[in-house]
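For reference, my_file.txt (compact mmCIF, C-alpha atoms):
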# COMPACT_ATOMS: atom_id res chain seq x y z
CA MET A 1 -10.25 -23.25 55.68
CA LYS A 2 -7.26 -21.10 56.43
CA LEU A 3 -6.02 -18.53 53.93
CA ARG A 4 -2.31 -18.02 53.78
CA THR A 5 -0.78 -14.69 52.75
CA VAL A 6 2.31 -14.98 50.59
CA ALA A 7 4.65 -12.02 50.21
CA LEU A 8 5.90 -11.44 46.66
CA PRO A 9 9.63 -10.98 46.25
CA ALA A 10 10.71 -7.42 45.61
CA ALA A 11 12.05 -8.38 42.19
CA VAL A 12 8.63 -9.58 41.06
CA VAL A 13 7.00 -6.34 42.15
CA LEU A 14 9.57 -4.36 40.19
CA VAL A 15 8.99 -6.38 37.03
CA LEU A 16 5.24 -5.89 37.25
CA GLY A 17 5.71 -2.17 37.75
CA THR A 18 7.99 -1.93 34.73
CA SER A 19 5.55 -3.85 32.55
CA THR A 20 2.67 -1.57 33.50
CA ALA A 21 4.68 1.55 32.73
CA ALA A 22 5.80 0.17 29.35
CA ALA A 23 2.19 -0.43 28.34
CA THR A 24 1.39 3.27 28.59
CA PRO A 25 1.47 4.76 25.06
CA THR A 26 3.93 7.59 24.53
CA TRP A 27 2.34 8.74 21.25
CA SER A 28 -1.02 8.58 19.55
CA PRO A 29 -2.26 10.05 16.27
CA LEU A 30 -4.17 13.30 16.19
CA PRO A 31 -7.94 12.81 15.80
CA GLN A 32 -7.88 13.27 12.02
CA GLU A 33 -4.35 12.02 11.34
CA VAL A 34 -3.34 9.14 9.09
CA LYS A 35 0.30 8.28 9.77
CA PRO A 36 2.19 5.44 8.07
CA PHE A 37 5.29 4.14 9.83
CA LEU A 38 7.86 3.43 7.12
CA PRO A 39 11.06 1.37 7.32
CA ALA A 40 14.08 3.54 8.09
CA GLY A 41 17.01 3.85 5.72
CA THR A 42 15.20 3.47 2.39
CA THR A 43 13.59 5.92 0.00
CA ASN A 44 11.33 3.44 -1.78
CA PRO A 45 9.88 0.86 0.63
CA ALA A 46 7.12 -1.36 -0.72
CA ILE A 47 4.92 -1.37 2.37
CA ALA A 48 4.57 0.36 5.72
CA ASP A 49 5.46 -1.25 9.02
CA GLY A 50 2.01 -0.12 10.10
CA VAL A 51 -0.47 2.76 9.73
CA ALA A 52 -1.95 4.72 12.64
CA LEU A 53 -5.43 6.24 12.29
CA GLY A 54 -6.82 9.00 14.49
CA ARG A 55 -10.11 8.33 16.23
CA GLN A 56 -12.03 10.67 13.91
CA VAL A 57 -10.80 9.10 10.67
CA ALA A 58 -13.60 7.36 8.79
CA THR A 59 -12.61 4.25 6.84
CA TYR A 60 -14.00 2.19 3.98
CA THR A 61 -13.48 -1.58 3.75
CA ALA A 62 -13.73 -3.09 0.29
CA SER A 63 -14.79 -6.68 -0.14
CA GLY A 64 -12.24 -9.04 -1.64
CA LEU A 65 -11.94 -8.55 -5.37
CA GLY A 66 -10.57 -10.91 -7.98
CA PRO A 67 -9.70 -10.35 -11.64
CA ALA A 68 -12.30 -9.70 -14.32
CA ALA A 69 -13.11 -12.44 -16.83
CA ALA A 70 -11.69 -10.33 -19.65
CA ASN A 71 -10.56 -13.11 -21.99
CA PRO A 72 -13.69 -15.00 -23.16
CA ALA A 73 -11.63 -16.94 -25.73
CA ALA A 74 -9.94 -18.90 -22.93
CA PRO A 75 -11.61 -21.96 -21.39
CA ALA A 76 -14.03 -21.27 -18.56
CA ASP A 77 -12.54 -21.67 -15.08
CA SER A 78 -8.98 -21.37 -16.40
CA PRO A 79 -6.49 -18.75 -15.13
CA GLU A 80 -6.12 -17.51 -18.71
CA ARG A 81 -9.81 -16.51 -18.65
CA TYR A 82 -8.92 -13.74 -16.18
CA VAL A 83 -6.10 -12.13 -18.17
CA ASP A 84 -6.75 -8.50 -19.11
CA PHE A 85 -4.55 -8.11 -22.19
CA PRO A 86 -5.69 -7.84 -25.82
CA GLY A 87 -6.35 -11.32 -27.16
CA GLY A 88 -5.16 -12.80 -23.88
CA THR A 89 -1.55 -12.50 -25.05
CA LEU A 90 0.81 -11.77 -22.18
CA PRO A 91 3.71 -9.34 -22.69
CA PRO A 92 7.19 -10.87 -22.38
CA GLY A 93 7.84 -12.28 -18.93
CA VAL A 94 4.43 -11.35 -17.52
CA THR A 95 3.10 -14.24 -15.46
CA LEU A 96 -0.52 -15.30 -15.06
CA THR A 97 -0.49 -14.12 -11.45
CA GLU A 98 0.99 -10.77 -12.47
CA ALA A 99 -1.60 -10.31 -15.23
CA GLN A 100 -4.48 -11.21 -12.90
CA ALA A 101 -3.12 -8.91 -10.18
CA LEU A 102 -3.09 -5.99 -12.61
CA SER A 103 -6.76 -6.66 -13.33
CA VAL A 104 -7.56 -6.87 -9.62
CA LEU A 105 -5.83 -3.58 -8.85
CA LYS A 106 -7.72 -1.84 -11.67
CA ARG A 107 -10.96 -3.14 -10.17
CA ILE A 108 -9.93 -1.89 -6.74
CA LYS A 109 -9.35 1.56 -8.21
CA ALA A 110 -12.88 1.57 -9.63
CA ASN A 111 -14.33 0.23 -6.36
CA LEU A 112 -12.67 3.00 -4.38
CA ALA A 113 -13.74 5.68 -6.84
CA ALA A 114 -17.37 4.68 -6.35
CA ALA A 115 -16.89 5.37 -2.63
CA GLY A 116 -15.22 8.74 -3.23
CA LEU A 117 -11.71 7.44 -2.62
CA GLY A 118 -8.54 6.75 -4.57
CA LEU A 119 -5.60 4.39 -4.47
CA ALA A 120 -3.63 6.93 -2.44
CA ASP A 121 -6.19 6.55 0.37
CA VAL A 122 -5.49 2.84 0.93
CA VAL A 123 -4.03 2.21 4.40
CA SER A 124 -4.07 -1.59 4.60
CA MET A 125 -4.24 -4.52 2.21
CA ARG A 126 -4.61 -8.29 2.31
CA ALA A 127 -3.64 -10.28 -0.77
CA TYR A 128 -4.51 -13.95 -1.22
CA LEU A 129 -2.61 -15.95 -3.85
CA GLU A 130 -3.26 -19.41 -5.23
CA LYS A 131 -0.41 -21.20 -6.95
CA PRO A 132 -0.71 -21.44 -10.76
CA PRO A 133 -1.40 -24.87 -12.25
CA GLY A 134 1.74 -27.00 -12.15
CA ALA A 135 3.64 -24.59 -9.91
CA GLU A 136 5.08 -25.55 -6.54
CA ALA A 137 4.17 -22.26 -4.85
CA ALA A 138 2.28 -19.04 -5.37
CA ASP A 139 3.89 -16.41 -7.60
CA PHE A 140 4.84 -13.76 -5.07
CA THR A 141 7.31 -12.16 -7.50
CA GLY A 142 4.64 -11.58 -10.15
CA TRP A 143 2.26 -10.21 -7.53
CA ASN A 144 4.86 -7.77 -6.23
CA ARG A 145 5.63 -6.49 -9.72
CA ALA A 146 1.93 -5.81 -10.32
CA TYR A 147 1.57 -4.18 -6.89
CA ARG A 148 4.37 -1.72 -7.66
CA GLN A 149 2.51 -0.62 -10.80
CA PHE A 150 -0.21 0.83 -8.55
CA PHE A 151 1.35 1.36 -5.11
CA ALA A 152 4.60 2.48 -3.49
CA ASN A 153 6.23 3.74 -6.66
CA THR A 154 7.54 7.17 -5.71
CA ASP A 155 10.84 8.13 -4.14
CA LEU A 156 10.24 9.40 -0.60
CA ALA A 157 13.14 11.84 -0.84
CA THR A 158 12.26 13.45 -4.17
CA GLY A 159 8.58 12.62 -4.66
CA GLN A 160 9.34 11.50 -8.21
CA ALA A 161 7.90 8.35 -9.76
CA VAL A 162 10.19 5.33 -9.71
CA PRO A 163 10.23 3.17 -12.89
CA VAL A 164 8.93 -0.37 -12.38
CA PRO A 165 9.17 -3.48 -14.57
CA LEU A 166 6.30 -5.23 -16.33
CA GLY A 167 7.33 -8.84 -16.73
CA THR A 168 10.87 -8.92 -18.03
CA ALA A 169 10.64 -5.54 -19.77
CA PRO A 170 13.00 -2.77 -18.64
CA PRO A 171 11.57 -0.59 -15.85
CA ALA A 172 9.19 2.08 -17.14
CA PRO A 173 6.83 4.68 -15.59
CA PRO A 174 4.21 2.95 -13.42
CA MET A 175 0.62 2.59 -14.57
CA GLU A 176 -0.57 4.66 -11.59
CA VAL A 177 1.82 6.98 -9.78
CA ASN A 178 0.98 6.52 -6.12
CA PRO A 179 3.04 7.29 -3.00
CA ALA A 180 0.79 5.23 -0.70
CA ARG A 181 2.49 2.42 1.19
CA PRO A 182 -0.21 0.51 3.04
CA ALA A 183 0.29 -2.01 5.78
CA ARG A 184 0.09 -5.29 3.86
CA VAL A 185 0.02 -9.05 4.23
CA THR A 186 0.24 -11.58 1.39
CA ILE A 187 -0.92 -15.15 1.98
CA GLU A 188 -0.80 -18.28 -0.16
CA ILE A 189 -4.00 -20.31 0.17
CA ALA A 190 -5.13 -23.62 -1.29
CA ASN A 191 -8.25 -22.41 -3.11
CA LEU A 192 -9.80 -19.08 -4.01
CA PRO A 193 -13.60 -18.84 -4.29
CA VAL A 194 -13.73 -18.63 -8.10
CA ALA A 195 -12.19 -21.33 -10.26
CA GLY A 196 -9.39 -19.80 -12.30
CA TRP A 197 -8.59 -16.97 -9.91
CA LEU A 198 -5.00 -16.78 -8.72
CA VAL A 199 -5.36 -13.46 -6.89
CA GLU A 200 -7.91 -11.90 -4.55
CA VAL A 201 -7.30 -8.62 -2.69
CA GLU A 202 -9.16 -6.67 -0.02
CA VAL A 203 -8.28 -3.15 1.09
CA VAL A 204 -9.13 -0.59 3.75
CA ALA A 205 -9.01 3.07 2.76
CA ALA A 206 -9.23 6.21 4.90
CA TYR A 207 -11.24 9.36 4.32
CA LYS A 208 -8.55 11.92 5.08
CA HIS A 209 -10.72 15.05 4.90
Using structure tokens, write down the structure that the file contains.
Amino acid sequence: MKLRTVALPAAVVLVLGTSTAAATPTWSPLPQEVKPFLPAGTTNPAIADGVALGRQVATYTASGLGPAAANPAAPADSPERYVDFPGGTLPPGVTLTEAQALSVLKRIKANLAAAGLGLADVVSMRAYLEKPPGAEAADFTGWNRAYRQFFANTDLATGQAVPVPLGTAPPAPPMEVNPARPARVTIEIANLPVAGWLVEVEVVAAYKH
């Protein structure tokens, strides 16, 4: 069998050379650095474009957490069962997803504390939402309101807390002042693992010292 040598056109060689050069990183984090990349032109972004971790940064990955069954008066397996307000009564405009998300984020705070971490140490987050009964889609608006109560609620220019709404109430000081803006994805799924859950969240946090 004869082997035939084929010469590549010069243009192809140039393209390959350019691609190889572009793949070489021009920046990397310091060994113990945690650097979020934030959207330009805004002083209060909700999330980071991404977060870079140095090679010596230890991390903690929390399992997915859902809301606590804090309303025993509600039927078992119902979304109302997982509402963490006195008597299960929601404040004006607060949705079931928003109420459950607040419970989840409180549980995440406790989970992190047990590992020697805080909400400000969170560098990435995945949120899974199930649509409420009778709804056409998951309640992303309610989730985002709850998220802002615990994350991304300071002005980057001044460092001051930014008021956030709870339901339809006028914006007020957040429940937890926290400058952290993790990399985040929010996904609507068909079913969460516990009947009645509308929200489940997992986080990764970094030990910065």
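Between Ala183 of chain A and the candidates A:Phe151, A:Trp27, A:Phe85, A:Tyr207, the tightest atom-to-atom separation, counting only C-alpha atoms, involves A:Phe151.
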Checklist entry - If you measure from atom CA of Trp143 of chain A to atom CA of Pro72 of chain A, what distance in Å do you get, rounded to one decimal? => result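 Going from atom CA of Trp143 of chain A over to atom CA of Pro72 of chain A covers 22.8 Å.
Here atom CA of Val201 of chain A is placed at a distance of 15.0 Å from atom CA of Gln149 of chain A.
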Checklist outcome for this item: Between atom CA of Gly66 of chain A and atom CA of Val194 of chain A lies a distance of 8.3 Å
Checklist outcome for this item: One residue among A:Ala73, A:Leu96, A:Ala113, A:Ala58 is nearest to Arg145 of chain A when using all atoms listed in the file, and that residue is A:Leu96
Item to check | Val94 of chain A environment, 10 Å, all atoms listed in the file, sequence neighbours closer than 6 positions dropped, as number ranges by chain | outcome: A: 142, 145-146, 165-169
Checklist entry - Do you know which residues are at most 6 Å from segment 30-41 of chain A counting only C-alpha atoms, after dropping those on the same chain fewer than 5 positions away, and could you put them as a list in words? => result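 The residues satisfying every condition are Ala48, Asp49, Gly50, Val51, Ala52, Leu53, Gly54, Arg55, Gln56 and Val57 of chain A.
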Which residues are close to Val122 of chain A, i.e. within 7 Å by all atoms listed in the file, leaving aside same-chain residues fewer than 4 positions away? Reply as a tab-separated table (two decimals) with C-alpha atoms, in the coordinates of the input.
chain	number	residue	atom	x	y	z
A	180	ALA	CA	0.79	5.23	-0.70
A	182	PRO	CA	-0.21	0.51	3.04
A	203	VAL	CA	-8.28	-3.15	1.09
A	204	VAL	CA	-9.13	-0.59	3.75
A	205	ALA	CA	-9.01	3.07	2.76
A	206	ALA	CA	-9.23	6.21	4.90
Item to check | Shell around Thr158 of chain A at 12 Å using all atoms listed in the file, local window under 6 positions removed, as a PyMOL selection string | outcome: chain A and resi 43-44+179
For the contact check between segment 63-163 of chain A and segment 173-178 of chain A, emit one row per residue of segment 63-163 of chain A within 8 Å, containing the shortest atom pair and the distance in Å rounded to one decimal, counting all atoms listed in the file, chain then rising number order, as CSV.
residue,atom,partner,partner_atom,distance
A:Leu119,CA,A:Asn178,CA,7.1
A:Ala120,CA,A:Asn178,CA,5.9
A:Arg148,CA,A:Pro174,CA,7.4
A:Gln149,CA,A:Pro174,CA,4.7
A:Phe150,CA,A:Glu176,CA,4.9
A:Phe151,CA,A:Asn178,CA,5.3
A:Ala152,CA,A:Asn178,CA,6.0
A:Asn153,CA,A:Asn178,CA,6.0
A:Thr154,CA,A:Asn178,CA,6.6
A:Ala161,CA,A:Val177,CA,6.2
A:Val162,CA,A:Pro173,CA,6.8
A:Pro163,CA,A:Pro173,CA,4.6
Contact check, segment 179-199 of chain A to segment 102-109 of chain A, at most 12 Å, counting only C-alpha atoms, closest pairs as a Markdown table:
| residue | atom | partner | partner_atom | distance |
| --- | --- | --- | --- | --- |
| A:Trp197 | CA | A:Val104 | CA | 10.2 |
| A:Leu198 | CA | A:Val104 | CA | 10.3 |
| A:Val199 | CA | A:Val104 | CA | 7.5 |
Could you give me the centre and size, in Å to one decimal, of an axis-aligned box around all listed atoms of segment 81-92 of chain A with 8 Å added on every side, as AutoDock Vina command-line options?
--center_x -1.3 --center_y -12.2 --center_z -21.7 --size_x 33.0 --size_y 24.7 --size_z 27.0
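Checking A:Ala99, A:Val164, A:Leu129, A:Ala46 one by one against Glu80 of chain A, counting all atoms listed in the file, you find the shortest gap at A:Ala99.
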